[in-house]
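Encoded as structure tokens, the structure appears first; notes follow it.
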Amino acid sequence: MPSLAIIGSGISGLGAAWFLRHHYDLTVFEAGGHIGGHTHTVTVDEDGRPVPIDTGFMVFNHVTYPHLTRLFDTLGVPTKPTDMSFSVQHRPREIEYRGTSLNTLFAQRRNLLRPSFYRLLLQIDRFNHEALAALEDPALGGLALEEYVRRGRYGEDFLELYLLPMTSAVWSTPPEKMLCFPAATLLRFFYNHGFFGLHTQHPWWTVDGGAHQYVRLLTTRERIHLRIPVRAVRRLPSGGVEVATDTATTRFDKVILACHAPTALALLGAEATPEERRLLGAFRYQANDVALHTTATVMPRARLAWSAWNYRLDAPAAPQPATALRTSQPVGLRPQAAEPTGCTRWRKRGRRMNTGPIRASKGACPPAS
Ligand SMILES: Cc1cc2nc3c(=O)[nH]c(=O)nc-3n(C[C@H](O)[C@H](O)[C@H](O)COP(=O)(O)OP(=O)(O)OC[C@H]3O[C@@H](n4cnc5c(N)ncnc54)[C@H](O)[C@@H]3O)c2cc1C
């Protein structure tokens, strides 16, 4: 059997290994200390009962994830329905809402009497309709989200209380960076995931018992070397590749780089072809801090607004440095200052969990072109 090295044990690496397991002699190199990459389940004690909590990959649906769904079905991964409800709380302005139903949109009953809140809802509705039409418009290509919003004459509240929280939560990226995001990519993502309306969402699913279940079922045959970062990959003139770690250099017939694009480019080094540089060099990544916590005070004050995803904007703790605002900022479109933001994913039945930061992860940002 020909030999194959796979660099990275996330879903890309493990998925590739699983599909190729009968055709190659497999070796997986993993720089980190656990198998699964961004899939990471932490088991905590809740009233003496072990409870698995996912801190990375958590949800999927059958429409936009056909391959993952098929893989889970084949492996017999236990899954169960979950929800992707979303709330926004803007602490300085004391506004909270949850976008699930009319009842939760008005989780703060005083919003029934706020004309500005009705204007916000009307703008969200207009955005959903116009975005659907814009997907067919060739002029959308190349527009940044900020420009799309400016051309559509959407208001500041729409941006601050809806679009930036929603997009920043989905993309695990600070709101100010979302303004430069390609509008076409974002609108297509919203469309594919059924985010354009209260009743357009596909049913969401999660792995019953924690996502580590699928990792366990996926990793049966291949050799996995944990805590062995690959340092370089070199094509051999005689065919095949050399994979270098800190302790060994090994020849393989083939290699799959199942790590992030900048890492893949660095591993190829000076040998990367112009096409590889163009493609792999186009990706940007955003570091994310993730904490598993039981801090109910970060949740919306109105219980009706508690959601699976809870996006919070706080007042800035101190005046922001001038560099926090980009000079191209059109008045009235960008947030006035870079407010600290946070997104809490709520596990409904969780009452007592260990607290404290558990890991840092990275979220991918597609090419900025
Ligand atoms: C906060 C957050 C929540 C998310 N939630 C969801 C969700 O609910 N549903 C969903 O579908 N998607 C979600 N995503 C996206 C999803 O997690 C990623 O798309 C997916 O994990 C990417 O898998 P991957 O295998 O390509 O990369 P990773 O899972 O990042 O795996 C790459 C692996 O390569 C290893 N590696 C890197 N360099 C080397 C090296 N030199 N040598 C050896 N090993 C190396 C890394 O240690 C890592 O284990 C979320 C993303 C974020 C940021």
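The way I read the labels, and the way they are meant: chains A, B, ... in the order of the structure tokens, residue 1 as the first residue of every chain, and ligand 1 as the first ligand shown, with later ones counted on from there.
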
Inset, instruction - Can you tell me which residues come within 8 Å of ligand 1 when counting only C-alpha atoms and all ligand atoms, ideally as a ChimeraX atom specification? - result: /A:7-14,29-39,55-60,65,170-172,227-232,258-260,263-264,267,288,290,361-364

Inset, instruction - Using only C-alpha atoms, determine which residues lie at most 10 Å from stretch 92-98 of chain A, disregarding the query and same-chain residues fewer than 5 positions distant; provide the list as JSON, numbers by chain. - result: {"A": [85, 86, 87, 103, 104, 105, 106, 107, 108, 109, 110, 111, 117, 161, 162, 300, 301, 302, 304, 305, 306, 307, 308, 309, 310, 311, 312, 313, 314, 315, 316, 339]}

For N, CA and C atoms, I'd like the residues from the last selection saved as a compact mmCIF listing (two decimals), in the first residue's frame.
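The resulting file, out-v2.txt, is shown below:
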# COMPACT_ATOMS: atom_id res chain seq x y z
N SER A 85 -30.92 29.83 18.17
CA SER A 85 -31.51 31.14 18.46
C SER A 85 -30.40 32.13 18.79
N PHE A 86 -30.68 33.41 18.58
CA PHE A 86 -29.65 34.44 18.68
C PHE A 86 -30.22 35.65 19.40
N SER A 87 -29.47 36.15 20.37
CA SER A 87 -29.92 37.38 21.04
C SER A 87 -28.83 38.43 20.98
N ASN A 103 -42.77 37.31 20.19
CA ASN A 103 -42.72 37.36 21.65
C ASN A 103 -41.30 37.66 22.14
N THR A 104 -40.30 36.97 21.54
CA THR A 104 -38.93 37.17 22.02
C THR A 104 -38.28 38.41 21.42
N LEU A 105 -38.74 38.81 20.21
CA LEU A 105 -38.23 40.09 19.68
C LEU A 105 -38.55 41.21 20.66
N PHE A 106 -39.73 41.10 21.27
CA PHE A 106 -40.14 42.09 22.27
C PHE A 106 -39.95 41.53 23.68
N ALA A 107 -38.82 40.86 23.88
CA ALA A 107 -38.51 40.32 25.22
C ALA A 107 -38.52 41.44 26.25
N GLN A 108 -38.07 42.61 25.85
CA GLN A 108 -38.23 43.81 26.70
C GLN A 108 -39.54 44.47 26.25
N ARG A 109 -40.54 44.36 27.06
CA ARG A 109 -41.86 44.85 26.64
C ARG A 109 -41.86 46.35 26.35
N ARG A 110 -40.92 47.09 26.93
CA ARG A 110 -40.93 48.53 26.67
C ARG A 110 -40.59 48.83 25.20
N ASN A 111 -39.99 47.85 24.49
CA ASN A 111 -39.71 48.07 23.08
C ASN A 111 -41.00 48.17 22.24
N PHE A 117 -37.32 51.00 17.74
CA PHE A 117 -37.20 49.54 17.69
C PHE A 117 -38.00 48.99 16.50
N LEU A 161 -27.03 47.17 16.05
CA LEU A 161 -27.85 46.27 16.87
C LEU A 161 -28.22 44.98 16.16
N TYR A 162 -27.93 44.89 14.87
CA TYR A 162 -28.27 43.65 14.18
C TYR A 162 -27.11 43.10 13.34
N PRO A 300 -28.55 38.04 28.81
CA PRO A 300 -29.52 39.13 28.79
C PRO A 300 -30.29 39.20 30.10
N ARG A 301 -30.67 40.42 30.49
CA ARG A 301 -31.42 40.55 31.76
C ARG A 301 -32.82 39.98 31.61
N ALA A 302 -33.42 40.16 30.44
CA ALA A 302 -34.76 39.59 30.19
C ALA A 302 -34.60 38.11 29.89
N LEU A 304 -36.55 36.03 28.74
CA LEU A 304 -37.14 35.64 27.46
C LEU A 304 -36.14 35.78 26.31
N ALA A 305 -35.11 36.59 26.52
CA ALA A 305 -34.13 36.82 25.45
C ALA A 305 -33.00 35.79 25.48
N TRP A 306 -32.91 34.97 26.51
CA TRP A 306 -31.82 33.99 26.58
C TRP A 306 -31.88 33.07 25.36
N SER A 307 -30.73 32.94 24.68
CA SER A 307 -30.70 32.20 23.42
C SER A 307 -29.53 31.24 23.41
N ALA A 308 -29.45 30.46 22.32
CA ALA A 308 -28.30 29.58 22.16
C ALA A 308 -27.04 30.43 21.98
N TRP A 309 -27.15 31.51 21.22
CA TRP A 309 -26.04 32.45 21.02
C TRP A 309 -26.48 33.79 21.61
N ASN A 310 -25.66 34.35 22.48
CA ASN A 310 -26.02 35.62 23.12
C ASN A 310 -24.88 36.61 22.91
N TYR A 311 -25.16 37.59 22.09
CA TYR A 311 -24.10 38.55 21.73
C TYR A 311 -24.24 39.80 22.60
N ARG A 312 -23.15 40.18 23.25
CA ARG A 312 -23.21 41.30 24.19
C ARG A 312 -22.24 42.40 23.80
N LEU A 313 -22.73 43.63 23.83
CA LEU A 313 -21.85 44.78 23.63
C LEU A 313 -21.83 45.58 24.92
N ASP A 314 -20.63 45.80 25.45
CA ASP A 314 -20.48 46.56 26.69
C ASP A 314 -19.99 47.96 26.38
N ALA A 315 -20.09 48.84 27.38
CA ALA A 315 -19.52 50.18 27.23
C ALA A 315 -18.01 50.05 27.21
N PRO A 316 -17.32 50.86 26.42
CA PRO A 316 -15.85 50.79 26.44
C PRO A 316 -15.33 51.06 27.84
N GLU A 339 -16.49 48.96 21.05
CA GLU A 339 -16.97 48.46 22.33
C GLU A 339 -16.50 47.02 22.53

Inset, instruction - Could you tell me, as a list of chain:residue names, which residues of stretch 91-276 of chain A DSSP assigns to strand (DSSP E) when given the backbone? - result: A:Ile95, A:Glu96, A:Tyr97, A:Arg98, A:Trp204, A:Trp205, A:Thr206, A:Val207, A:Arg223, A:Ile224, A:His225, A:Ala232, A:Val233, A:Arg234, A:Arg235, A:Val241, A:Glu242, A:Val243, A:Ala244, A:Thr249, A:Thr250, A:Arg251, A:Phe252, A:Lys254, A:Val255, A:Ile256, A:Leu257

Legend entry - Pick from A:Met1, A:Phe72, A:Ala287, A:Asn128 nearest to A:Gly194, counting only C-alpha atoms: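 Smallest distance to A:Gly194 is found for A:Asn128.
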
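Computed from the coordinates, the atom CA of A:Val88 to atom CA of A:Pro175 distance equals 13.2 Å.
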
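Proximity to A:Arg188 was assessed for A:Asp73, A:Asp253, A:Glu146, A:Glu136 counting only C-alpha atoms; the smallest distance is recorded for A:Glu136.
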
Inset, instruction - Counting only C-alpha atoms, figure out which residue out of A:Arg278, A:His193, A:Arg151, A:Lys254 gets nearest to A:Thr64. - result: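 The closest residue to A:Thr64 is A:His193.
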
Inset, instruction - Please run DSSP on the backbone and report, as JSON, numbers by chain, all residues within stretch 151-222 of chain A that come out as helix (DSSP H, G or I). - result: {"A": [151, 156, 157, 158, 159, 160, 161, 162, 163, 164, 165, 166, 167, 168, 169, 170, 171, 175, 176, 177, 178, 183, 184, 185, 186, 187, 188, 189, 190, 191, 192, 212, 213, 214, 215, 216, 217, 218]}
